[in-house]
Structure formats: structure tokens, C-alpha cells
$ cat query33.txt   # compact mmCIF, C-alpha atoms and all ligand atoms
# COMPACT_ATOMS: atom_id res chain seq x y z
CA MET A 930 10.46 5.94 -14.15
CA PRO A 931 13.04 3.19 -13.65
CA GLY A 932 13.62 1.01 -16.70
CA THR A 933 12.12 1.25 -20.13
CA ARG A 934 10.72 -2.24 -20.56
CA TRP A 935 7.14 -1.13 -20.18
CA ILE A 936 7.53 1.61 -22.81
CA ASN A 937 9.18 -0.92 -25.14
CA LEU A 938 6.29 -3.29 -24.60
CA LEU A 939 3.81 -0.61 -25.61
CA VAL A 940 5.85 0.52 -28.61
CA GLN A 941 6.33 -3.07 -29.82
CA GLN A 942 2.56 -3.29 -29.89
CA ASP A 943 2.35 -0.13 -32.06
CA CYS A 944 0.99 2.05 -29.25
CA ARG A 945 1.62 5.76 -29.40
CA VAL A 946 2.95 6.57 -25.94
CA GLU A 947 2.46 9.91 -24.20
CA ILE A 948 4.39 10.05 -20.95
CA CYS A 949 2.42 12.52 -18.87
CA THR A 950 4.58 12.32 -15.77
CA GLU A 951 7.37 14.15 -17.60
CA LYS A 952 5.10 17.15 -18.15
CA LYS A 953 3.63 17.56 -14.67
CA THR A 954 3.54 15.37 -11.62
CA ILE A 955 -0.17 15.63 -11.04
CA LEU A 956 -2.52 16.07 -13.96
CA SER A 957 -6.04 17.36 -13.62
CA VAL A 958 -8.86 15.41 -15.18
CA GLU A 959 -9.06 18.13 -17.86
CA ASP A 960 -5.37 17.56 -18.73
CA ILE A 961 -5.97 13.84 -19.06
CA ILE A 962 -9.02 14.32 -21.22
CA ALA A 963 -7.05 16.70 -23.48
CA LEU A 964 -4.36 14.02 -23.83
CA ILE A 965 -6.90 11.33 -24.61
CA GLY A 966 -8.22 13.50 -27.44
CA ASN A 967 -10.27 11.83 -30.18
CA LYS A 968 -8.36 8.60 -30.26
CA CYS A 969 -6.85 6.71 -27.37
CA ASP A 970 -6.72 2.98 -26.82
CA GLY A 971 -5.77 2.97 -23.18
CA VAL A 972 -4.49 4.94 -20.20
CA ILE A 973 -2.03 3.98 -17.48
CA GLY A 974 -1.63 5.96 -14.27
CA GLN A 975 -2.52 6.38 -10.66
CA LEU A 976 -5.57 8.56 -10.05
CA THR A 977 -5.27 11.06 -7.24
CA GLU A 978 -9.02 11.00 -6.67
CA ASP A 979 -12.10 9.22 -7.86
CA TRP A 980 -13.12 11.03 -11.05
CA GLY A 981 -16.30 9.02 -11.46
CA ASP A 982 -17.72 8.96 -14.97
CA THR A 983 -15.55 11.76 -16.37
CA LEU A 984 -12.43 9.81 -17.32
CA PHE A 985 -14.18 6.71 -18.55
CA SER A 986 -16.80 8.44 -20.68
CA ALA A 987 -13.99 10.44 -22.41
CA LEU A 988 -11.90 7.30 -22.85
CA ALA A 989 -14.82 5.31 -24.24
CA LYS A 990 -15.68 8.15 -26.65
CA ALA A 991 -12.08 8.06 -27.94
CA GLY A 992 -12.38 4.30 -28.55
CA GLY A 993 -10.45 3.38 -25.40
CA LYS A 994 -10.62 -0.17 -24.13
CA ALA A 995 -8.60 -0.15 -20.94
CA PHE A 996 -7.34 1.86 -18.00
CA SER A 997 -4.68 0.38 -15.79
CA ASN A 998 -4.02 1.74 -12.35
CA MET A 999 -0.31 1.63 -11.60
CA ALA A 1000 -1.18 0.44 -8.12
CA VAL A 1001 -2.68 -2.56 -6.39
CA GLY A 1002 -5.32 -0.49 -4.53
CA TYR A 1003 -8.11 0.85 -6.72
CA ASN A 1004 -10.37 2.60 -4.20
CA ASN A 1005 -9.71 5.74 -6.28
CA VAL A 1006 -11.15 4.24 -9.47
CA ASP A 1007 -14.86 4.19 -10.23
CA VAL A 1008 -14.90 0.61 -11.48
CA ASP A 1009 -18.69 0.62 -11.98
CA ALA A 1010 -18.41 3.64 -14.28
CA ALA A 1011 -15.61 1.95 -16.25
CA THR A 1012 -17.70 -1.22 -16.57
CA LYS A 1013 -20.68 0.84 -17.75
CA TYR A 1014 -18.53 2.17 -20.62
CA GLY A 1015 -17.00 -1.23 -21.37
CA VAL A 1016 -13.55 -0.13 -20.17
CA ALA A 1017 -11.39 -2.77 -18.47
CA VAL A 1018 -9.68 -1.66 -15.24
CA GLY A 1019 -6.31 -3.19 -14.45
CA ASN A 1020 -4.25 -3.13 -11.26
CA THR A 1021 -0.81 -4.45 -10.32
CA PRO A 1022 -0.90 -7.02 -7.52
CA GLY A 1023 1.87 -9.51 -6.81
CA VAL A 1024 4.81 -7.08 -6.99
CA LEU A 1025 4.12 -4.63 -4.16
CA THR A 1026 3.68 -6.85 -1.15
CA GLU A 1027 7.22 -7.19 0.20
CA THR A 1028 8.35 -3.70 -0.80
CA THR A 1029 5.38 -2.04 0.90
CA ALA A 1030 5.74 -4.24 3.98
CA GLU A 1031 9.44 -3.31 4.15
CA LEU A 1032 8.56 0.40 4.24
CA ALA A 1033 6.06 -0.24 7.03
CA ALA A 1034 8.80 -2.12 8.90
CA SER A 1035 11.27 0.73 8.22
CA LEU A 1036 8.82 3.29 9.62
CA SER A 1037 8.22 1.06 12.65
CA LEU A 1038 11.94 0.98 13.39
CA ALA A 1039 12.48 4.65 12.62
CA ALA A 1040 9.61 5.64 14.91
CA SER A 1041 10.55 3.29 17.74
CA ARG A 1042 14.19 4.42 17.73
CA ARG A 1043 13.51 8.07 16.84
CA ILE A 1044 15.88 7.92 13.87
CA VAL A 1045 14.61 11.03 12.08
CA GLU A 1046 14.66 13.24 15.19
CA ALA A 1047 18.17 12.03 16.01
CA ASP A 1048 19.36 12.65 12.45
CA GLU A 1049 18.00 16.22 12.52
CA PHE A 1050 19.68 16.81 15.89
CA MET A 1051 23.01 15.57 14.59
CA ARG A 1052 22.88 17.66 11.40
CA ALA A 1053 21.96 20.73 13.43
CA GLY A 1054 25.30 20.37 15.26
CA LEU A 1055 23.58 19.83 18.61
CA TYR A 1056 25.43 16.65 19.61
CA ASP A 1057 28.06 17.33 22.23
CA GLY A 1058 28.56 13.91 23.75
CA TRP A 1059 26.88 10.67 24.81
CA LEU A 1060 24.09 11.02 27.32
CA PRO A 1061 22.09 8.23 28.98
CA HIS A 1062 18.75 9.75 28.05
CA LEU A 1063 19.53 10.98 24.52
CA PHE A 1064 16.78 9.89 22.11
CA VAL A 1065 15.68 6.97 24.21
CA GLY A 1066 13.09 4.96 22.31
CA ASN A 1067 11.25 1.64 22.52
CA LEU A 1068 12.68 -1.89 22.32
CA LEU A 1069 10.67 -4.04 19.92
CA LYS A 1070 11.87 -7.50 20.97
CA GLY A 1071 9.24 -9.30 23.02
CA GLN A 1072 6.68 -6.50 22.50
CA THR A 1073 3.40 -6.97 20.65
CA VAL A 1074 2.84 -5.98 17.04
CA GLY A 1075 -0.76 -5.29 16.05
CA VAL A 1076 -1.84 -5.64 12.43
CA ILE A 1077 -5.16 -4.28 11.21
CA GLY A 1078 -5.93 -5.89 7.87
CA ALA A 1079 -3.83 -9.06 7.67
CA GLY A 1080 -4.06 -9.49 3.89
CA ARG A 1081 -1.07 -9.69 1.55
CA ILE A 1082 0.89 -6.69 2.87
CA GLY A 1083 -0.31 -6.91 6.49
CA SER A 1084 0.78 -10.56 6.69
CA ALA A 1085 4.17 -9.87 5.06
CA TYR A 1086 4.75 -7.00 7.52
CA ALA A 1087 3.73 -9.20 10.46
CA ARG A 1088 6.26 -11.84 9.41
CA MET A 1089 9.04 -9.25 9.18
CA MET A 1090 8.35 -7.95 12.68
CA ILE A 1091 7.99 -11.46 14.13
CA GLU A 1092 11.03 -12.99 12.42
CA GLY A 1093 13.18 -9.89 12.72
CA PHE A 1094 12.32 -8.70 16.22
CA LYS A 1095 10.64 -11.69 17.87
CA MET A 1096 7.47 -9.71 18.46
CA ASN A 1097 4.19 -11.35 19.45
CA LEU A 1098 1.29 -10.84 17.07
CA ILE A 1099 -2.25 -9.66 17.58
CA TYR A 1100 -4.28 -9.01 14.46
CA TYR A 1101 -7.72 -7.94 13.39
CA ASP A 1102 -9.23 -8.82 10.03
CA LEU A 1103 -12.66 -9.76 8.78
CA TYR A 1104 -11.16 -13.09 7.71
CA GLN A 1105 -8.87 -15.53 9.45
CA ALA A 1106 -5.23 -15.23 8.34
CA THR A 1107 -4.64 -18.98 8.46
CA ARG A 1108 -1.25 -19.03 6.72
CA LEU A 1109 0.07 -16.30 8.99
CA GLU A 1110 -1.18 -18.08 12.10
CA LYS A 1111 0.49 -21.32 10.96
CA PHE A 1112 3.73 -19.48 10.31
CA VAL A 1113 3.80 -17.89 13.79
CA THR A 1114 2.97 -21.20 15.45
CA ALA A 1115 5.79 -22.98 13.59
CA TYR A 1116 8.25 -20.16 14.24
CA GLY A 1117 7.31 -20.14 17.94
CA GLN A 1118 7.99 -23.87 18.09
CA PHE A 1119 11.33 -23.39 16.37
CA LEU A 1120 12.35 -20.70 18.87
CA LYS A 1121 11.26 -22.86 21.79
CA ALA A 1122 13.26 -25.81 20.46
CA SER A 1123 16.28 -23.48 20.27
CA GLY A 1124 15.86 -22.54 23.92
CA GLU A 1125 14.43 -19.08 23.12
CA GLN A 1126 11.21 -17.41 24.21
CA PRO A 1127 8.54 -18.49 21.68
CA VAL A 1128 6.49 -15.88 19.81
CA THR A 1129 2.69 -16.04 20.03
CA TRP A 1130 -0.30 -14.94 17.95
CA LYS A 1131 -3.89 -13.95 18.62
CA ARG A 1132 -6.73 -13.10 16.29
CA ALA A 1133 -8.54 -10.28 18.09
CA SER A 1134 -12.31 -10.33 18.27
CA SER A 1135 -12.43 -6.55 17.86
CA MET A 1136 -10.19 -3.84 16.55
CA ASP A 1137 -10.22 -2.13 19.94
CA GLU A 1138 -8.56 -5.19 21.48
CA VAL A 1139 -5.59 -4.69 19.11
CA LEU A 1140 -5.43 -0.99 19.96
CA GLN A 1141 -5.37 -1.68 23.70
CA VAL A 1142 -2.83 -4.49 23.64
CA ALA A 1143 -0.31 -3.70 20.90
CA ASP A 1144 2.88 -1.65 21.21
CA VAL A 1145 3.24 -1.12 17.46
CA ILE A 1146 0.14 -1.03 15.26
CA SER A 1147 0.31 -1.10 11.48
CA LEU A 1148 -2.69 -0.42 9.27
CA HIS A 1149 -3.09 -2.51 6.10
CA PRO A 1150 -6.80 -2.70 5.18
CA ILE A 1151 -8.24 -1.61 1.88
CA LEU A 1152 -10.02 1.76 1.92
CA ASP A 1153 -13.79 1.44 1.73
CA LYS A 1154 -16.82 2.61 3.71
CA THR A 1155 -15.96 0.24 6.57
CA THR A 1156 -12.40 1.50 6.97
CA TYR A 1157 -12.85 5.26 6.44
CA HIS A 1158 -11.59 6.96 9.64
CA LEU A 1159 -11.09 3.56 11.23
CA ILE A 1160 -8.60 5.33 13.48
CA ASN A 1161 -10.40 8.29 15.02
CA LYS A 1162 -10.20 10.32 18.22
CA GLU A 1163 -11.93 7.70 20.32
CA ARG A 1164 -9.80 4.84 19.02
CA LEU A 1165 -6.56 6.81 19.39
CA SER A 1166 -7.43 7.32 23.05
CA LYS A 1167 -7.60 3.53 23.52
CA MET A 1168 -4.01 3.03 22.40
CA LYS A 1169 -1.07 2.91 24.81
CA LYS A 1170 0.48 6.31 25.54
CA GLU A 1171 3.81 5.14 24.08
CA ALA A 1172 2.38 3.18 21.17
CA ILE A 1173 3.57 3.50 17.59
CA LEU A 1174 1.07 3.77 14.75
CA ILE A 1175 2.07 3.10 11.13
CA ASN A 1176 -0.07 3.79 8.08
CA CYS A 1177 1.03 2.55 4.66
CA SER A 1178 -2.51 1.72 3.50
CA ARG A 1179 -4.61 4.73 2.51
CA GLY A 1180 -4.71 8.19 4.11
CA PRO A 1181 -8.44 8.36 4.92
CA VAL A 1182 -8.18 5.21 7.07
CA VAL A 1183 -6.92 7.67 9.72
CA ASP A 1184 -8.74 10.83 10.84
CA GLU A 1185 -5.64 12.99 10.39
CA GLU A 1186 -6.96 16.00 12.31
CA ALA A 1187 -7.68 13.80 15.32
CA LEU A 1188 -4.21 12.29 14.92
CA VAL A 1189 -2.52 15.72 15.02
CA GLU A 1190 -4.37 16.54 18.24
CA HIS A 1191 -3.40 13.19 19.73
CA LEU A 1192 0.26 13.69 18.81
CA LYS A 1193 0.22 17.14 20.44
CA HIS A 1194 -1.12 15.80 23.72
CA ASN A 1195 0.88 12.57 23.78
CA PRO A 1196 4.54 13.32 23.02
CA MET A 1197 5.62 9.71 23.56
CA PHE A 1198 3.09 8.44 21.02
CA ARG A 1199 4.73 8.17 17.58
CA VAL A 1200 3.51 7.69 14.04
CA GLY A 1201 5.01 6.75 10.71
CA LEU A 1202 2.89 7.83 7.76
CA ASP A 1203 3.32 7.09 4.07
CA VAL A 1204 -0.19 8.17 3.08
CA PHE A 1205 -2.33 11.20 3.95
CA GLU A 1206 -5.97 12.09 4.00
CA ASP A 1207 -5.75 14.92 1.43
CA GLU A 1208 -2.71 13.77 -0.50
CA PRO A 1209 -0.39 15.41 -1.43
CA TYR A 1210 -1.19 17.75 1.46
CA MET A 1211 -0.89 17.20 5.19
CA LYS A 1212 -3.43 18.41 7.72
CA PRO A 1213 -2.34 21.61 9.53
CA GLY A 1214 0.09 20.96 12.34
CA LEU A 1215 1.27 17.51 11.26
CA ALA A 1216 4.54 18.74 9.74
CA ASP A 1217 5.45 20.41 13.06
CA MET A 1218 5.11 17.26 15.11
CA LYS A 1219 8.47 15.79 16.15
CA ASN A 1220 6.73 12.53 17.01
CA ALA A 1221 5.57 12.02 13.41
CA ILE A 1222 7.64 10.62 10.56
CA VAL A 1223 6.15 11.50 7.21
CA VAL A 1224 7.21 10.18 3.82
CA PRO A 1225 5.62 10.91 0.41
CA HIS A 1226 3.73 7.72 -0.55
CA ILE A 1227 6.91 5.78 -1.30
CA ALA A 1228 5.94 2.41 0.17
CA SER A 1229 6.07 0.72 -3.24
CA ALA A 1230 9.13 2.66 -4.38
CA SER A 1231 11.73 -0.05 -4.81
CA LYS A 1232 13.21 -0.30 -8.30
CA TRP A 1233 12.06 -3.90 -8.76
CA THR A 1234 8.51 -3.14 -7.69
CA ARG A 1235 8.10 0.05 -9.71
CA GLU A 1236 9.38 -1.73 -12.83
CA GLY A 1237 7.04 -4.60 -12.10
CA MET A 1238 4.08 -2.26 -11.58
CA ALA A 1239 4.79 -0.40 -14.83
CA THR A 1240 5.21 -3.65 -16.74
CA LEU A 1241 1.99 -5.15 -15.39
CA ALA A 1242 0.04 -1.94 -16.03
CA ALA A 1243 1.33 -1.77 -19.63
CA LEU A 1244 0.47 -5.43 -20.21
CA ASN A 1245 -3.03 -4.97 -18.80
CA VAL A 1246 -3.71 -2.28 -21.38
CA VAL A 1247 -1.94 -3.99 -24.29
CA GLY A 1248 -3.61 -7.31 -23.47
CA LYS A 1249 -7.07 -5.77 -23.49
CA ILE A 1250 -6.40 -3.98 -26.78
CA LYS A 1251 -5.22 -7.28 -28.28
CA GLY A 1252 -8.23 -9.15 -26.90
CA PHE A 1253 -6.19 -11.42 -24.63
CA PRO A 1254 -7.87 -13.20 -21.69
CA THR A 1255 -7.24 -12.28 -18.05
CA TRP A 1256 -4.59 -14.19 -16.06
CA SER A 1257 -6.21 -16.72 -13.77
CA ASN A 1258 -4.19 -15.88 -10.63
CA PRO A 1259 -3.39 -12.16 -10.37
CA ASN A 1260 -0.94 -12.74 -7.53
CA ALA A 1261 1.22 -15.15 -9.57
CA VAL A 1262 2.60 -12.63 -12.04
CA GLU A 1263 6.21 -13.87 -12.40
CA PRO A 1264 5.75 -14.97 -16.06
CA PHE A 1265 5.00 -11.33 -16.94
CA LEU A 1266 8.13 -10.00 -15.25
CA ASP A 1267 10.81 -12.17 -16.86
CA GLU A 1268 12.60 -9.80 -19.21
CA ASN A 1269 14.28 -12.67 -21.05
CA SER A 1270 11.09 -14.23 -22.32
CA SER A 1271 7.98 -12.88 -24.01
CA PRO A 1272 5.11 -12.29 -21.61
CA PRO A 1273 2.19 -14.69 -21.92
CA PRO A 1274 -0.72 -13.53 -24.11
CA ALA A 1275 -2.91 -12.52 -21.17
CA CYS A 1276 -3.77 -9.43 -19.10
CA PRO A 1277 -2.10 -9.84 -15.68
CA SER A 1278 -4.98 -8.43 -13.61
CA ILE A 1279 -8.30 -6.91 -14.72
CA VAL A 1280 -10.49 -6.23 -11.70
CA ASN A 1281 -13.76 -5.95 -13.61
CA ALA A 1282 -13.07 -8.93 -15.92
CA LYS A 1283 -16.06 -10.84 -14.57
CA ALA A 1284 -18.43 -7.89 -14.81
CA LEU A 1285 -17.32 -7.32 -18.42
CA GLY A 1286 -17.65 -11.03 -19.21
CA LEU A 1287 -13.97 -11.30 -20.25
CA PRO A 1288 -12.46 -14.76 -20.69
CA VAL A 1289 -10.00 -16.11 -18.12
CA SER A 1290 -6.64 -17.52 -19.24
CA LYS A 1291 -6.18 -21.25 -18.71
CA LEU A 1292 -2.39 -20.94 -18.93
N1 LIG A 1301 1.34 3.03 0.48
C1 LIG A 1301 1.45 2.39 -0.65
O1 LIG A 1301 2.22 2.73 -1.53
C2 LIG A 1301 0.65 1.15 -0.86
C3 LIG A 1301 1.17 0.12 -1.66
C4 LIG A 1301 0.41 -1.02 -1.85
C5 LIG A 1301 -0.83 -1.14 -1.25
N2 LIG A 1301 -1.29 -0.12 -0.49
C6 LIG A 1301 -2.56 -0.25 0.23
O2 LIG A 1301 -2.35 -1.25 1.23
C7 LIG A 1301 -3.60 -1.84 1.57
C8 LIG A 1301 -3.47 -3.36 1.63
O3 LIG A 1301 -3.15 -3.89 0.37
P1 LIG A 1301 -3.11 -5.48 0.17
O4 LIG A 1301 -2.60 -5.72 -1.19
O5 LIG A 1301 -2.45 -6.13 1.33
O6 LIG A 1301 -4.68 -5.79 0.24
P2 LIG A 1301 -5.40 -7.15 0.65
O7 LIG A 1301 -6.72 -7.10 -0.02
O8 LIG A 1301 -4.52 -8.32 0.39
O9 LIG A 1301 -5.57 -7.02 2.24
C9 LIG A 1301 -6.48 -6.15 2.83
C10 LIG A 1301 -7.02 -6.83 4.07
O10 LIG A 1301 -7.86 -5.90 4.76
C11 LIG A 1301 -8.93 -6.63 5.32
N3 LIG A 1301 -10.04 -5.75 5.65
C12 LIG A 1301 -10.98 -5.22 4.82
N4 LIG A 1301 -11.85 -4.48 5.51
C13 LIG A 1301 -11.45 -4.53 6.81
C14 LIG A 1301 -11.96 -3.97 8.00
N5 LIG A 1301 -13.06 -3.22 8.03
N6 LIG A 1301 -11.31 -4.23 9.15
C15 LIG A 1301 -10.20 -5.01 9.15
N7 LIG A 1301 -9.67 -5.57 8.04
C16 LIG A 1301 -10.31 -5.34 6.89
C17 LIG A 1301 -9.27 -7.65 4.24
O11 LIG A 1301 -10.04 -8.73 4.75
C18 LIG A 1301 -7.89 -8.06 3.77
O12 LIG A 1301 -7.38 -9.18 4.47
C19 LIG A 1301 -4.60 -1.30 0.56
O13 LIG A 1301 -5.26 -0.21 1.15
C20 LIG A 1301 -3.73 -0.78 -0.58
O14 LIG A 1301 -4.37 0.22 -1.30
C21 LIG A 1301 -0.58 1.02 -0.28
O1 LIG A 1302 -2.09 0.92 -3.96
C1 LIG A 1302 -0.94 0.97 -4.37
O2 LIG A 1302 -0.45 0.08 -5.08
C2 LIG A 1302 -0.02 2.10 -4.00
O3 LIG A 1302 -0.69 3.20 -3.57
C3 LIG A 1302 0.99 2.42 -5.06
O4 LIG A 1302 2.17 2.72 -4.46
$ encode --input "query33.txt" --output "C-alpha cells"
Amino acid sequence: MPGTRWINLLVQQDCRVEICTEKKTILSVEDIIALIGNKCDGVIGQLTEDWGDTLFSALAKAGGKAFSNMAVGYNNVDVDAATKYGVAVGNTPGVLTETTAELAASLSLAASRRIVEADEFMRAGLYDGWLPHLFVGNLLKGQTVGVIGAGRIGSAYARMMIEGFKMNLIYYDLYQATRLEKFVTAYGQFLKASGEQPVTWKRASSMDEVLQVADVISLHPILDKTTYHLINKERLSKMKKEAILINCSRGPVVDEEALVEHLKHNPMFRVGLDVFEDEPYMKPGLADMKNAIVVPHIASASKWTREGMATLAALNVVGKIKGFPTWSNPNAVEPFLDENSSPPPACPSIVNAKALGLPVSKL
């Protein structure tokens, strides 16, 4: 874990700290319950699956008051069960957006220019001179980027692809991404005034419209019942044969078996995946596909973000133990991250604060 600030914060508050990640990477629910023991005030971590009641009943029995996910997404946490046992559930928004969007942008570039395949080829000693057709990929400039789920990360990713590569935008979301639309309009006007081709945007009326039109499609919705297997066999078949699909949201948003089949039959179709349906495993066949780039859930793995996530998670737990209120704007977490000043007496982000009737900070 980069940095020690979060451990210091816990120790300063007289918390006994057990660092489970140094024992094993993935702990079973039984391991966690053994660690919680008879007395435990709070737990910080990222759950690999939804453990339902099990974790929270054990935590409540041990006198625990809070669990903080070291993640912004909490589809893997049974928040209702936590609420039932009076346990506050924290998450870590406000520090992942740009880092995660940058990984999605990196995968988009790597897939479009076949960076990983070319690197493997080079290391295998297969390069014996420049050829006009060697690892020919796709040009992004002037193409269309499709974003499904234009929330915090989806919008940041869209901006990177528009500003960086002058791509046009088509997006699908349940809500209008007004700030993003305004940005693209203003940037298009700026380009036009500079004598360049302006960029454009469109809010699609259906997801299928994005799939049919876009050259690069990046998935950024939350995972819930409406987004489970959002990308399935039928939807894959609607995408362009040479399209690029990126997933840095949650694995089950894509039907991975259908994706493997699609990759097999469409060699020019490429994907960049940070998340997988049965993490940490991949569906059979995926690892053999040259047209897939796979990375191990590292979208939030920049030093600044991981330190920020750890700090926010620690402060969620400490704040709840101390009886502090919840921060009023969970995206504006800068006051918690400044190492040179004491963090404000508030929990940065408790997702079930309202359900638990917790007070909100007026700071
Ligand atoms: N890979 C990683 O390490 C990593 C890091 C951070 C976040 N995430 C994941 O990224 C995703 C986005 O996070 P965020 O902070 O931007 O969330 P967000 O809540 O800001 O944005 C999600 C967007 O998805 C939209 N949406 C919800 N249901 C939809 C549907 N059925 N169709 C289309 N759009 C829909 C919402 O309206 C919202 O605008 C989450 O799944 C989160 O868990 C992954
Ligand atoms: O949801 C999140 O925040 C990520 O999965 C952590 O990297």
C-alpha cells in the first residue's frame, strides 16, 4: 500500500490495525470473521463478492460501527444488511475519477494501435524490418467515441478522448450529461475559431444507437440489475466489425463468454478490459485472444488515488467511531487529503448515512 498516512490516522485514533493484505491477497469471509473476533470497531477493504448478512452480523456482534469499501463502487456491498445492523458503509468518491478515466484512455490507445501485440512481437525477436502492413491499427482523430454511462468517470474519459484526439462524442445515460455537452460545444467552437474541424456531441436515445455509430465504446455505468450483461451477444453483433470496446466499470456489465466468441469470429474487433465477470478469473479462451488487452483491475492504481482512497476509507471508519457527521458533498474531498492539515471532523462519504439517520456536516 503506498504511503502510511492512513495507518497513522487510525493509530492516532487509538485503533488497533490488522493489515490483512499482507497475509493473503484475497481473504475468505471466514478469514475476515476470524480477524474481527469478539471486538472490532471497523473494517476497511474491498469485497470480492456480496457477502450479504454474514460480514455485517459478525461486525455488529463484535461492536463494530463501520465498514468502508476502499472503492467508489459498492455494488458488492449489501448496504441494506449493513443498515439493518446499524453499520455505516463508506466509499471513496472524488479521488478515482481522473485516474480511472486515464486507464480507460490508455486501453483505448493500446487497443487501437495494437501496442501489446506489437510489444510481444518485438520481445519475441520477430521484427526484421519495417513493413507497410505491420500492426496497422485505427486512427482515433475524427472518429466517434461512444460512452455508456456518462457519470463522473465516463465524462472525464469522454473529455480526454475529445480534447486529446478530437473525437466526436455519442453517449447514452439515463440522465443528461449537461456539463459534458456544454464542454464539447465550447471546445467545438474553439476548434472552429482556430480553423480546425469542430468536434460534435449527441445524446443517443438508445444504447444500440451508440453501439452502431461509435468506433470506440467505453463502459462506465454502475453495476445493477439494469446493467448486468448490458453488452451481450446480440449487442456485440450491432457494433462495427473494427470497433474497440473498453470496460473499466464492472465485469458483469459484459457477458464475457459472448465476448470471447465475438473476439474469435471478429479478429479486427478489439477490447481492453480492466474488470472481469468472475474476478480474479477470466472466462475460458479470453487469455488466448490476441485482440484482447487484459489488465488486473488497476484502473484506480495511481499512487495519488490509492493514497486518497486509503485515507478516505480510514477516515470514514474513524469518523463513525468518533461520532462525526457525514461530509455534505462526497465529491469535494480535498480537505481530507491535505497531509499538512488535520482532516475535518467528518466522515468523507457514508452511503447509508440517510438510512441510518446520521447527521450531515455543515462545514
Ligand atoms: N475499474 C476500476 O478500478 C474502477 C474504479 C472506479 C470506478 N469503477 C466503476 O466505474 C463505474 C462508474 O463510476 P462513477 O464513479 O463514474 O459512477 P457515476 O455514478 O458517477 O456514473 C455512473 C453513470 O451510469 C449511469 N447509468 C446507470 N444505469 C445506467 C444504464 N442502465 N444505462 C446507462 N447508464 C446508466 C448513471 O446515470 C451515471 O451517470 C462504476 O461501475 C464503478 O464501480 C471502476
Ligand atoms: O469501484 C472502485 O472504486 C474500484 O473498483 C476500485 O479500484
$ residues_near_ligand --input "query33.txt" --ligand "ligand LIG 1302 (chain A)" --cutoff "9 Å" --atoms "all atoms listed in the file" --output "MDAnalysis selection string"
chainID A and resid 975 998:1004 1020:1022 1025:1026 1029 1151 1177:1179 1204 1226:1230 1235 1238
$ axis_aligned_box --input "query33.txt" --around "stretch 975-980 of chain A" --padding-each-side "3 Å" --output "AutoDock Vina command-line options"
--center_x -7.8 --center_y 8.7 --center_z -8.9 --size_x 16.6 --size_y 10.7 --size_z 10.4
$ residues_around --input "query33.txt" --residues "A:Ala1133" --least-positions-apart "6" --cutoff "9 Å" --atoms "only C-alpha atoms" --output "PDB file with C-alpha atoms, keeping the file's coordinate frame"
ATOM      1  CA  ILE A1099      -2.250  -9.660  17.580  1.00  0.00           C
ATOM      2  CA  TYR A1100      -4.280  -9.010  14.460  1.00  0.00           C
ATOM      3  CA  TYR A1101      -7.720  -7.940  13.390  1.00  0.00           C
ATOM      4  CA  ASP A1102      -9.230  -8.820  10.030  1.00  0.00           C
ATOM      5  CA  VAL A1139      -5.590  -4.690  19.110  1.00  0.00           C
TER       6      VAL A1139
END
$ atom_distance --input "query33.txt" --atom1 "atom CA of A:His1158" --atom2 "atom CA of A:Glu1171"
21.2 Å
$ closest_residue --input "query33.txt" --among "A:Pro1272, A:Pro1196, A:Gly1248, A:Gly1078" --to "A:Gly1066" --atoms "all atoms listed in the file"
A:Pro1196
$ closest_residue --input "query33.txt" --among "A:Gly1214, A:Gly1023, A:Pro1259, A:Gly1201" --to "A:Ala1040" --atoms "all atoms listed in the file"
A:Gly1201
$ atom_distance --input "query33.txt" --atom1 "atom CA of A:Pro1127" --atom2 "atom CA of A:Leu1109"
15.4 Å
$ residues_around --input "query33.txt" --residues "stretch 1110-1121 of chain A" --least-positions-apart "6" --cutoff "10 Å" --atoms "all atoms listed in the file" --output "PyMOL selection string"
chain A and resi 1084+1087-1088+1091-1092+1095+1097-1098+1100+1127-1132
$ build_atoms --input "query33.txt" --residues "stretch 1263-1275 of chain A" --atoms "N, CA and C atoms" --output "compact mmCIF listing (two decimals), keeping the file's coordinate frame"
# COMPACT_ATOMS: atom_id res chain seq x y z
N GLU A 1263 4.80 -13.73 -11.99
CA GLU A 1263 6.21 -13.87 -12.40
C GLU A 1263 6.39 -14.02 -13.92
N PRO A 1264 5.52 -14.81 -14.61
CA PRO A 1264 5.75 -14.97 -16.06
C PRO A 1264 5.70 -13.64 -16.83
N PHE A 1265 5.07 -12.63 -16.25
CA PHE A 1265 5.00 -11.33 -16.94
C PHE A 1265 6.24 -10.50 -16.69
N LEU A 1266 7.03 -10.87 -15.68
CA LEU A 1266 8.13 -10.00 -15.25
C LEU A 1266 9.48 -10.44 -15.79
N ASP A 1267 9.54 -11.64 -16.37
CA ASP A 1267 10.81 -12.17 -16.86
C ASP A 1267 11.19 -11.45 -18.17
N GLU A 1268 12.22 -10.62 -18.05
CA GLU A 1268 12.60 -9.80 -19.21
C GLU A 1268 13.18 -10.64 -20.33
N ASN A 1269 13.62 -11.87 -20.01
CA ASN A 1269 14.28 -12.67 -21.05
C ASN A 1269 13.31 -13.50 -21.86
N SER A 1270 12.04 -13.48 -21.50
CA SER A 1270 11.09 -14.23 -22.32
C SER A 1270 9.88 -13.35 -22.61
N SER A 1271 9.15 -13.69 -23.65
CA SER A 1271 7.98 -12.88 -24.01
C SER A 1271 6.90 -13.11 -22.97
N PRO A 1272 6.19 -12.07 -22.58
CA PRO A 1272 5.11 -12.29 -21.61
C PRO A 1272 3.99 -13.11 -22.21
N PRO A 1273 3.28 -13.87 -21.38
CA PRO A 1273 2.19 -14.69 -21.92
C PRO A 1273 1.08 -13.82 -22.51
N PRO A 1274 0.34 -14.33 -23.49
CA PRO A 1274 -0.72 -13.53 -24.11
C PRO A 1274 -1.94 -13.45 -23.20
N ALA A 1275 -1.82 -12.68 -22.14
CA ALA A 1275 -2.91 -12.52 -21.17
C ALA A 1275 -2.74 -11.16 -20.47
